[in-house]
Structure formats: structure tokens, C-alpha cells
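Dumped model_0.cif below, it's mmCIF, C-alpha atoms:
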```cif
data_target
loop_
_atom_site.label_atom_id
_atom_site.label_comp_id
_atom_site.auth_asym_id
_atom_site.auth_seq_id
_atom_site.Cartn_x
_atom_site.Cartn_y
_atom_site.Cartn_z
CA MET A 1 109.69 69.27 96.85
CA ARG A 2 113.28 70.23 97.61
CA CYS A 3 113.50 73.95 98.27
CA PRO A 4 116.78 75.90 97.82
CA LYS A 5 116.04 77.96 100.93
CA PRO A 6 119.68 78.88 101.75
CA ILE A 7 120.13 80.27 98.24
CA ILE A 8 116.91 82.28 98.41
CA TYR A 9 117.70 83.66 101.86
CA GLY A 10 121.31 84.36 101.00
CA LEU A 11 120.38 86.22 97.82
CA SER A 12 117.76 88.27 99.64
CA VAL A 13 120.09 89.28 102.46
CA ALA A 14 122.96 90.07 100.08
CA VAL A 15 120.87 92.34 97.85
CA GLY A 16 119.29 94.09 100.82
CA LEU A 17 122.65 94.73 102.47
CA ALA A 18 124.11 96.00 99.19
CA ILE A 19 121.34 98.58 98.82
CA ALA A 20 121.70 99.64 102.46
CA ALA A 21 125.48 99.97 102.10
CA TYR A 22 125.03 102.12 99.00
CA GLY A 23 122.76 104.50 100.89
CA VAL A 24 125.29 104.90 103.68
CA SER A 25 128.22 105.31 101.26
CA VAL A 26 126.61 108.19 99.35
CA GLY A 27 125.92 110.04 102.59
CA LEU A 28 122.17 109.72 102.91
CA ARG A 29 120.79 110.74 106.29
CA GLY A 30 117.52 111.02 108.12
CA PHE A 31 114.35 110.41 106.14
CA ASP A 32 116.14 109.61 102.87
CA LEU A 33 118.34 106.97 104.51
CA ARG A 34 115.41 105.41 106.37
CA LEU A 35 113.37 105.26 103.17
CA LEU A 36 116.24 103.60 101.31
CA LEU A 37 116.66 101.08 104.14
CA LEU A 38 112.95 100.33 103.88
CA ALA A 39 113.38 99.82 100.13
CA ALA A 40 116.30 97.47 100.86
CA LEU A 41 114.05 95.45 103.16
CA ASP A 42 111.39 95.40 100.45
CA VAL A 43 113.84 94.08 97.86
CA ALA A 44 115.16 91.49 100.32
CA VAL A 45 111.65 90.25 101.08
CA ALA A 46 110.65 89.98 97.39
CA PRO A 47 112.45 86.68 96.50
CA ILE A 48 111.25 85.03 99.71
CA ALA A 49 107.68 86.17 99.07
CA VAL A 50 107.70 84.89 95.49
CA PHE A 51 109.27 81.60 96.58
CA TYR A 52 106.74 80.81 99.29
CA THR A 53 103.82 81.95 97.12
CA MET A 54 104.91 79.55 94.37
CA ILE A 55 105.26 76.73 96.91
CA TYR A 56 101.80 77.48 98.29
CA ARG A 57 100.15 77.49 94.85
CA ARG A 58 101.95 74.28 93.87
CA ASN A 59 100.78 72.56 97.03
CA ARG A 60 97.22 73.73 96.46
CA LEU A 61 97.28 72.26 92.94
CA ILE A 62 98.65 68.98 94.26
CA ASP A 63 95.93 68.72 96.90
CA ASP A 64 93.29 69.55 94.29
CA MET A 65 94.52 66.79 91.95
CA LEU A 66 95.06 64.17 94.65
CA PRO A 67 91.38 63.05 94.86
CA VAL A 68 91.28 62.87 91.05
CA LEU A 69 94.26 60.51 91.11
CA LEU A 70 92.66 58.35 93.80
CA ASP A 71 89.38 58.11 91.86
CA ASP A 72 91.29 57.15 88.70
CA LEU A 73 93.14 54.42 90.58
CA ALA A 74 89.84 53.03 91.85
CA ASP A 75 88.28 53.19 88.35
CA LEU A 76 91.23 51.35 86.82
CA GLN A 77 90.91 48.62 89.42
CA ASP A 78 87.21 48.37 88.55
CA ALA A 79 88.33 47.86 84.94
CA GLY A 80 90.35 44.80 85.99
CA LEU A 81 93.85 46.19 86.48
CA ASN A 82 95.79 45.25 89.57
CA PHE A 83 97.16 47.72 92.07
CA ILE A 84 100.57 48.29 90.45
CA GLN A 85 99.18 48.38 86.90
CA ALA A 86 96.74 51.10 87.94
CA PHE A 87 99.62 53.23 89.19
CA GLU A 88 101.54 52.68 85.94
CA VAL A 89 98.58 53.78 83.82
CA CYS A 90 98.00 56.87 85.97
CA SER A 91 101.65 57.86 85.68
CA SER A 92 101.10 58.43 81.95
CA ARG A 93 98.29 60.91 82.65
CA SER A 94 98.55 64.55 83.65
CA TYR A 95 97.88 65.52 87.26
CA GLY A 96 99.62 68.87 87.26
CA PRO A 97 102.55 69.14 89.69
CA LEU A 98 101.55 65.74 91.12
CA THR A 99 102.59 63.99 87.89
CA LYS A 100 106.35 64.13 88.45
CA PRO A 101 106.31 62.60 91.97
CA LEU A 102 103.91 59.92 90.72
CA LYS A 103 106.19 58.98 87.83
CA LYS A 104 109.18 58.70 90.17
CA ALA A 105 107.21 56.40 92.46
CA VAL A 106 106.18 54.18 89.53
CA VAL A 107 109.80 53.97 88.35
CA LEU A 108 110.82 52.81 91.81
CA LEU A 109 108.07 50.18 91.76
CA SER A 110 109.25 48.96 88.34
CA TRP A 111 112.73 48.51 89.80
CA GLY A 112 111.35 46.22 92.48
CA VAL A 113 111.38 48.72 95.34
CA GLU A 114 108.91 47.94 98.10
CA PHE A 115 105.58 49.73 97.81
CA GLU A 116 105.97 51.37 101.21
CA LYS A 117 109.34 52.87 100.27
CA ALA A 118 107.99 54.04 96.91
CA MET A 119 105.06 55.75 98.65
CA LYS A 120 107.42 57.37 101.13
CA LYS A 121 109.43 58.80 98.22
CA PHE A 122 106.19 59.90 96.55
CA ALA A 123 105.19 61.81 99.70
CA GLU A 124 108.62 63.44 100.00
CA GLU A 125 108.56 64.63 96.39
CA ALA A 126 104.99 65.96 96.60
CA GLY A 127 105.60 67.60 99.96
CA THR A 128 102.03 68.20 101.20
CA GLU A 129 100.40 66.92 104.36
CA ASN A 130 97.53 65.36 102.42
CA VAL A 131 99.89 63.34 100.23
CA ARG A 132 101.84 62.18 103.29
CA MET A 133 98.62 61.05 104.93
CA VAL A 134 97.41 59.23 101.79
CA SER A 135 100.79 57.54 101.32
CA ALA A 136 100.81 56.35 104.92
CA VAL A 137 97.26 54.98 104.69
CA LEU A 138 97.91 53.20 101.39
CA SER A 139 101.14 51.70 102.72
CA ALA A 140 99.30 50.41 105.78
CA ALA A 141 96.47 49.02 103.64
CA VAL A 142 98.87 47.13 101.37
CA ARG A 143 100.86 45.87 104.33
CA VAL A 144 97.73 44.51 106.04
CA GLY A 145 96.36 43.07 102.79
CA GLY A 146 92.82 42.85 101.49
CA GLU A 147 90.82 45.01 99.09
CA VAL A 148 92.47 48.38 98.45
CA LYS A 149 89.90 49.87 96.07
CA PRO A 150 87.50 51.05 98.83
CA VAL A 151 90.44 52.81 100.47
CA PHE A 152 90.95 54.88 97.30
CA ARG A 153 87.31 55.98 97.30
CA SER A 154 87.30 56.82 101.00
CA LEU A 155 90.53 58.79 100.80
CA ALA A 156 89.33 60.75 97.76
CA SER A 157 86.13 61.69 99.57
CA PHE A 158 88.04 62.66 102.70
CA ILE A 159 90.55 64.85 100.82
CA ARG A 160 87.75 66.65 98.98
CA GLU A 161 86.03 67.36 102.29
CA VAL A 162 89.26 68.69 103.80
CA GLU A 163 89.92 70.95 100.80
CA SER A 164 86.34 72.20 100.88
CA LEU A 165 86.76 73.16 104.54
CA ASN A 166 90.08 74.88 103.77
CA LYS A 167 88.49 76.95 101.00
CA GLU A 168 85.60 77.87 103.26
CA ARG A 169 88.06 78.93 105.93
CA GLY A 170 89.94 81.02 103.36
CA SER A 171 86.78 82.85 102.32
CA ARG A 172 85.97 83.57 105.96
CA VAL A 173 89.35 85.09 106.83
CA ARG A 174 89.58 87.20 103.66
CA PRO A 175 87.56 90.11 105.15
CA TYR A 176 89.94 90.20 108.14
CA ILE A 177 92.92 90.41 105.79
CA MET A 178 91.25 93.32 104.01
CA ILE A 179 90.79 95.01 107.39
CA ILE A 180 94.54 94.69 108.00
CA TYR A 181 95.31 96.31 104.64
CA THR A 182 92.78 99.07 105.25
CA THR A 183 94.27 99.79 108.67
CA VAL A 184 97.75 100.30 107.22
CA PHE A 185 96.42 102.54 104.43
CA ILE A 186 94.42 104.64 106.89
CA LEU A 187 97.51 105.01 109.07
CA LEU A 188 99.58 106.26 106.12
CA PHE A 189 96.87 108.71 105.08
CA THR A 190 96.47 110.00 108.64
CA MET A 191 100.21 110.54 109.04
CA TRP A 192 100.31 112.39 105.72
CA LEU A 193 97.35 114.55 106.75
CA ILE A 194 99.04 115.49 110.02
CA TYR A 195 102.25 116.26 108.13
CA THR A 196 100.66 118.55 105.55
CA GLN A 197 98.03 120.25 107.72
CA PHE A 198 99.95 120.66 110.97
CA ILE A 199 103.68 120.07 110.70
CA VAL A 200 104.38 121.89 107.43
CA SER A 201 101.56 124.44 107.70
CA VAL A 202 102.45 125.47 111.25
CA GLY A 203 106.08 125.84 110.28
CA LEU A 204 105.14 128.15 107.40
CA THR A 205 102.78 130.32 109.46
CA ILE A 206 105.10 131.01 112.43
CA PRO A 207 106.06 134.71 112.28
CA LEU A 208 109.72 135.56 111.85
CA GLY A 209 111.40 135.76 115.25
CA ALA A 210 108.54 134.03 117.07
CA THR A 211 109.15 130.95 119.17
CA VAL A 212 107.04 127.82 119.57
CA LYS A 213 107.34 125.63 122.65
CA ASN A 214 108.61 122.11 121.79
CA PRO A 215 108.16 122.35 118.01
CA ILE A 216 108.17 119.13 115.97
CA GLU A 217 110.61 119.42 113.10
CA ALA A 218 109.39 118.17 109.73
CA GLU A 219 112.45 115.95 109.26
CA THR A 220 111.97 114.30 112.65
CA TYR A 221 108.32 113.64 111.88
CA ARG A 222 109.18 112.12 108.49
CA VAL A 223 111.67 109.75 110.14
CA ILE A 224 109.00 108.69 112.64
CA VAL A 225 106.59 108.03 109.76
CA VAL A 226 109.09 105.73 108.02
CA ASP A 227 109.75 103.77 111.21
CA LEU A 228 106.05 103.44 111.95
CA ALA A 229 105.26 102.38 108.36
CA ALA A 230 107.99 99.74 108.48
CA PHE A 231 106.71 98.35 111.78
CA GLU A 232 103.10 98.24 110.59
CA SER A 233 103.91 96.74 107.18
CA VAL A 234 106.10 93.96 108.57
CA PHE A 235 103.92 92.81 111.44
CA SER A 236 100.60 93.37 109.67
CA GLY A 237 101.88 91.31 106.75
CA LEU A 238 102.93 88.44 109.02
CA ILE A 239 99.57 88.51 110.80
CA ALA A 240 97.75 88.41 107.46
CA GLY A 241 99.82 85.40 106.44
CA LYS A 242 99.05 83.62 109.69
CA LEU A 243 95.34 84.20 109.07
CA GLU A 244 95.75 82.49 105.69
CA GLY A 245 97.27 79.47 107.38
CA THR A 246 101.02 80.02 107.74
CA VAL A 247 103.37 82.88 108.62
CA LYS A 248 105.34 82.08 105.45
CA LEU A 249 102.51 83.54 103.38
CA GLY A 250 102.97 86.74 105.36
CA PHE A 251 106.01 87.61 103.24
CA LYS A 252 103.65 88.16 100.30
CA HIS A 253 101.50 90.60 102.26
CA MET A 254 104.60 92.21 103.76
CA LEU A 255 105.97 92.83 100.26
CA ILE A 256 102.74 94.48 99.11
CA LEU A 257 102.42 96.68 102.19
CA LEU A 258 106.08 97.72 102.13
CA THR A 259 105.90 98.61 98.43
CA VAL A 260 102.75 100.70 98.89
CA SER A 261 104.25 102.44 101.93
CA ILE A 262 107.49 103.27 100.12
CA VAL A 263 105.74 104.67 97.05
CA PHE A 264 103.30 106.66 99.21
CA MET A 265 106.05 108.24 101.33
CA ALA A 266 108.40 108.88 98.40
CA LEU A 267 105.69 110.79 96.52
CA LEU A 268 103.92 112.65 99.33
CA PHE A 269 106.47 113.25 102.10
#
```
For this file, write the structure as C-alpha cells.
Amino acid sequence: MRCPKPIIYGLSVAVGLAIAAYGVSVGLRGFDLRLLLLAALDVAVAPIAVFYTMIYRRNRLIDDMLPVLLDDLADLQDAGLNFIQAFEVCSSRSYGPLTKPLKKAVVLLSWGVEFEKAMKKFAEEAGTENVRMVSAVLSAAVRVGGEVKPVFRSLASFIREVESLNKERGSRVRPYIMIIYTTVFILLFTMWLIYTQFIVSVGLTIPLGATVKNPIEAETYRVIVVDLAAFESVFSGLIAGKLEGTVKLGFKHMLILLTVSIVFMALLF
């Protein structure tokens, strides 16, 4: 799948910088400026997060449908169709996002393109590691010669096993991702509690004319909270994505954590 990454990144950076420039131009300072900059980062992350989440879901659907395609190819060969005819019949069926790359490969085969080149194009269009592996194995099997049908069955079984292990891994890391979210939420709540019970309350209860050694100003504390929330949201989100399998998925978690942090601080600080 060809991804317009420069466009996505360029749009994200441009929008984020525009929001930041607006905050500076209207004279925002301190906590308000930091909060707006955090919102600019949140808006900049949003298109990237949506983009990579869509890619991830598409790839998952492709890998789920790949064993179905392989089983259908084997069944059609059992019915008496040859290798190429089986591909042509399958191209008229629906395999979700795998259908379009399959149809392109069949068109190339109908034009007389070598099977290996057609499979290479199929793998490029699909864009997942499982499809690349299957395409390479099928190309090697055809190049060597012999019965290809058992290869379809074996590959389908192997892909199902791999996907089963991936899902099991996902269920195992989910509690750790929840711990990351909980940690950020507890941090925000603790900082708010300190702000309301100590920073603001102490400032209100100091008698007129009295002095306090090294007082913490409320505005300074609020700025520290924004910086800390930004740090935690960004790096916790990336860690959560890495636990799911790739840092790219961390943009999704980063977006959620940044949004929650911004709303929390805007309402309570």
C-alpha cells in the first residue's frame, strides 16, 4: 500500500505550527501558552495517529483473509482448475482489502507477466510481512516445479498459527497498556490534588504581611504540570505502541493521553 506520508506529516506540522503561532501572536504567556502549545501538538499528532491506525487495521484484515485465500486456491485446484485459473476465480471473490492487490496480480498474469513478478507486485500492493512471505514461497515453488496445492495448505495453516500467536500476545500486553494509562491519570490527579490542597490553599491562608520561605507560585506550578503532562503523555504513548508491536501505534495512545491531559488541565487548573 502506497502511503502519502510526506503529505500527512506536512499537514500535521503545518497545522501545529499555525496554532502555536496564533498563541504567540495574541500574547499568551505562561500556563495558557504552554497549554495551547500542548493542544497544537495534539492536533499535529491526530492525522498521523489516524493514518497509522488505519494502516494497522487494514494490515490485520489482510492477514486474516490471507489463509482464506490460500484455502480457496487449494480447493479450486482440487476441483480441477490449474494454478492460474484458480487465481482468476479467486480474484472475482471478496477478500476485503486483499481483493484489490489480488486483482492487479491476476491482470498482470493475463498480460503474460511472469508469475514471480506478478507475486512481487501483489506483495508490494498488500504491504504486509505475511503476504511478502507467502509470495516469496509461492514464487519459489512455481520456479522449482511440482505440486503447488500442498504448499497452499501448509501456508494457510502457518499463517493462522502466526496470527493466533499475535492475538495471544496482544491479549497479554493489554493489561500493561492499561497500567500505562492508569499511571498517567494518577499523575494528573495527584498534581491537581497538590495544586488545590497545598499551592492554592496555602496562598489563601497566608496572613497579610507574612512571609513564606521559598514559596511556590501557582502559575509556576501550573507551567510545571503542563510540561510534566506533555512528557508523560508523549513517552507513555510511544511505549504503549511499542508494547502493541510498533512505535507507530504509539501515536494513537499519545493522542488519547494528550487529549485527556489537555481537557483535565483546562477544566481543573
Exercise for the section: Do a neighbour search on stretch 235-243 of chain A at 7 Å with only C-alpha atoms, toss out local chain neighbours closer than 6 positions, and write the hits as a ChimeraX atom specification. Expected result: /A:173,177,180,249-251,253-254
Problem - Among the residues A:Leu108, A:Val223, A:Met65, A:Ala40, the one that comes closest to A:Arg160 [using all atoms listed in the file] - result: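 Looking at the shortest contact to A:Arg160, the residue is A:Met65.
The smallest atom-to-atom distance between A:Met133 and any of A:Glu88, A:Asp63, A:Asp72, A:Asp78, using only C-alpha atoms, is found for A:Asp63.
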Completion exercise
In Å and to one decimal, atom CA of A:Ser12 is distant from atom CA of A:Pro47 by 6.4 Å
Problem - Computed interatomic separation between atom CA of A:Ile179 and atom CA of A:Val260 (Å) - result: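 Separating atom CA of A:Ile179 from atom CA of A:Val260 is a distance of 15.7 Å.
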Handout entry: Chain and number of each residue from the PyMOL selection byres ((chain A and resi 183-188) around 9), as a PyMOL selection string
Key = chain A and resi 178-182+189-193+225+229+232-233+236+257+260-261+264-265
Exercise for the section: May I ask which of the residues A:Leu267, A:Leu17, A:Glu116, A:Ser25 is the closest one to A:Val43, counting all atoms listed in the file? Expected result: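 Distance minimum relative to A:Val43 lands on A:Leu17.
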Practice task
Find the residues near A:Leu98: any atom within 7 Å, counting all atoms listed in the file, skip ones fewer than 3 places away on the same chain, and give them as a list in words.
Solution key: Ile62, Tyr95, Pro101, Leu102 and Ala126 of chain A
For stretch 35-62 of chain A, supply N, CA and C atoms and format the output as a short mmCIF file (atom, residue, chain, number, x, y, z; two decimals), in the coordinates of the input.
```cif
data_model
loop_
_atom_site.label_atom_id
_atom_site.label_comp_id
_atom_site.auth_asym_id
_atom_site.auth_seq_id
_atom_site.Cartn_x
_atom_site.Cartn_y
_atom_site.Cartn_z
N LEU A 35 114.20 105.71 104.29
CA LEU A 35 113.37 105.26 103.17
C LEU A 35 114.14 104.27 102.30
N LEU A 36 115.43 104.53 102.10
CA LEU A 36 116.24 103.60 101.31
C LEU A 36 116.40 102.27 102.05
N LEU A 37 116.57 102.31 103.36
CA LEU A 37 116.66 101.08 104.14
C LEU A 37 115.36 100.28 104.06
N LEU A 38 114.24 101.00 104.04
CA LEU A 38 112.95 100.33 103.88
C LEU A 38 112.84 99.69 102.50
N ALA A 39 113.37 100.39 101.48
CA ALA A 39 113.38 99.82 100.13
C ALA A 39 114.29 98.60 100.07
N ALA A 40 115.41 98.64 100.80
CA ALA A 40 116.30 97.47 100.86
C ALA A 40 115.60 96.28 101.48
N LEU A 41 114.83 96.53 102.54
CA LEU A 41 114.05 95.45 103.16
C LEU A 41 113.01 94.91 102.18
N ASP A 42 112.40 95.80 101.43
CA ASP A 42 111.39 95.40 100.45
C ASP A 42 112.00 94.49 99.38
N VAL A 43 113.16 94.88 98.88
CA VAL A 43 113.84 94.08 97.86
C VAL A 43 114.28 92.74 98.43
N ALA A 44 114.73 92.74 99.69
CA ALA A 44 115.16 91.49 100.32
C ALA A 44 114.00 90.53 100.53
N VAL A 45 112.83 91.08 100.83
CA VAL A 45 111.65 90.25 101.08
C VAL A 45 111.10 89.66 99.78
N ALA A 46 111.28 90.37 98.66
CA ALA A 46 110.65 89.98 97.39
C ALA A 46 110.94 88.53 96.97
N PRO A 47 112.21 88.08 96.91
CA PRO A 47 112.45 86.68 96.50
C PRO A 47 111.82 85.67 97.44
N ILE A 48 111.85 85.96 98.74
CA ILE A 48 111.25 85.03 99.71
C ILE A 48 109.74 84.97 99.51
N ALA A 49 109.13 86.13 99.28
CA ALA A 49 107.68 86.17 99.07
C ALA A 49 107.27 85.40 97.82
N VAL A 50 108.00 85.60 96.73
CA VAL A 50 107.70 84.89 95.49
C VAL A 50 107.89 83.39 95.67
N PHE A 51 108.96 83.01 96.36
CA PHE A 51 109.27 81.60 96.58
C PHE A 51 108.16 80.89 97.34
N TYR A 52 107.76 81.46 98.47
CA TYR A 52 106.74 80.81 99.29
C TYR A 52 105.36 80.86 98.63
N THR A 53 105.10 81.89 97.84
CA THR A 53 103.82 81.95 97.12
C THR A 53 103.76 80.86 96.06
N MET A 54 104.86 80.62 95.36
CA MET A 54 104.91 79.55 94.37
C MET A 54 104.74 78.18 95.03
N ILE A 55 105.40 77.99 96.17
CA ILE A 55 105.26 76.73 96.91
C ILE A 55 103.81 76.52 97.33
N TYR A 56 103.19 77.57 97.83
CA TYR A 56 101.80 77.48 98.29
C TYR A 56 100.86 77.11 97.14
N ARG A 57 101.02 77.78 96.00
CA ARG A 57 100.15 77.49 94.85
C ARG A 57 100.39 76.08 94.32
N ARG A 58 101.64 75.65 94.31
CA ARG A 58 101.95 74.28 93.87
C ARG A 58 101.27 73.27 94.79
N ASN A 59 101.38 73.49 96.08
CA ASN A 59 100.78 72.56 97.03
C ASN A 59 99.26 72.53 96.91
N ARG A 60 98.67 73.68 96.64
CA ARG A 60 97.22 73.73 96.46
C ARG A 60 96.80 72.91 95.23
N LEU A 61 97.57 73.03 94.15
CA LEU A 61 97.28 72.26 92.94
C LEU A 61 97.42 70.77 93.19
N ILE A 62 98.45 70.39 93.94
CA ILE A 62 98.65 68.98 94.26
C ILE A 62 97.47 68.44 95.06
#
```
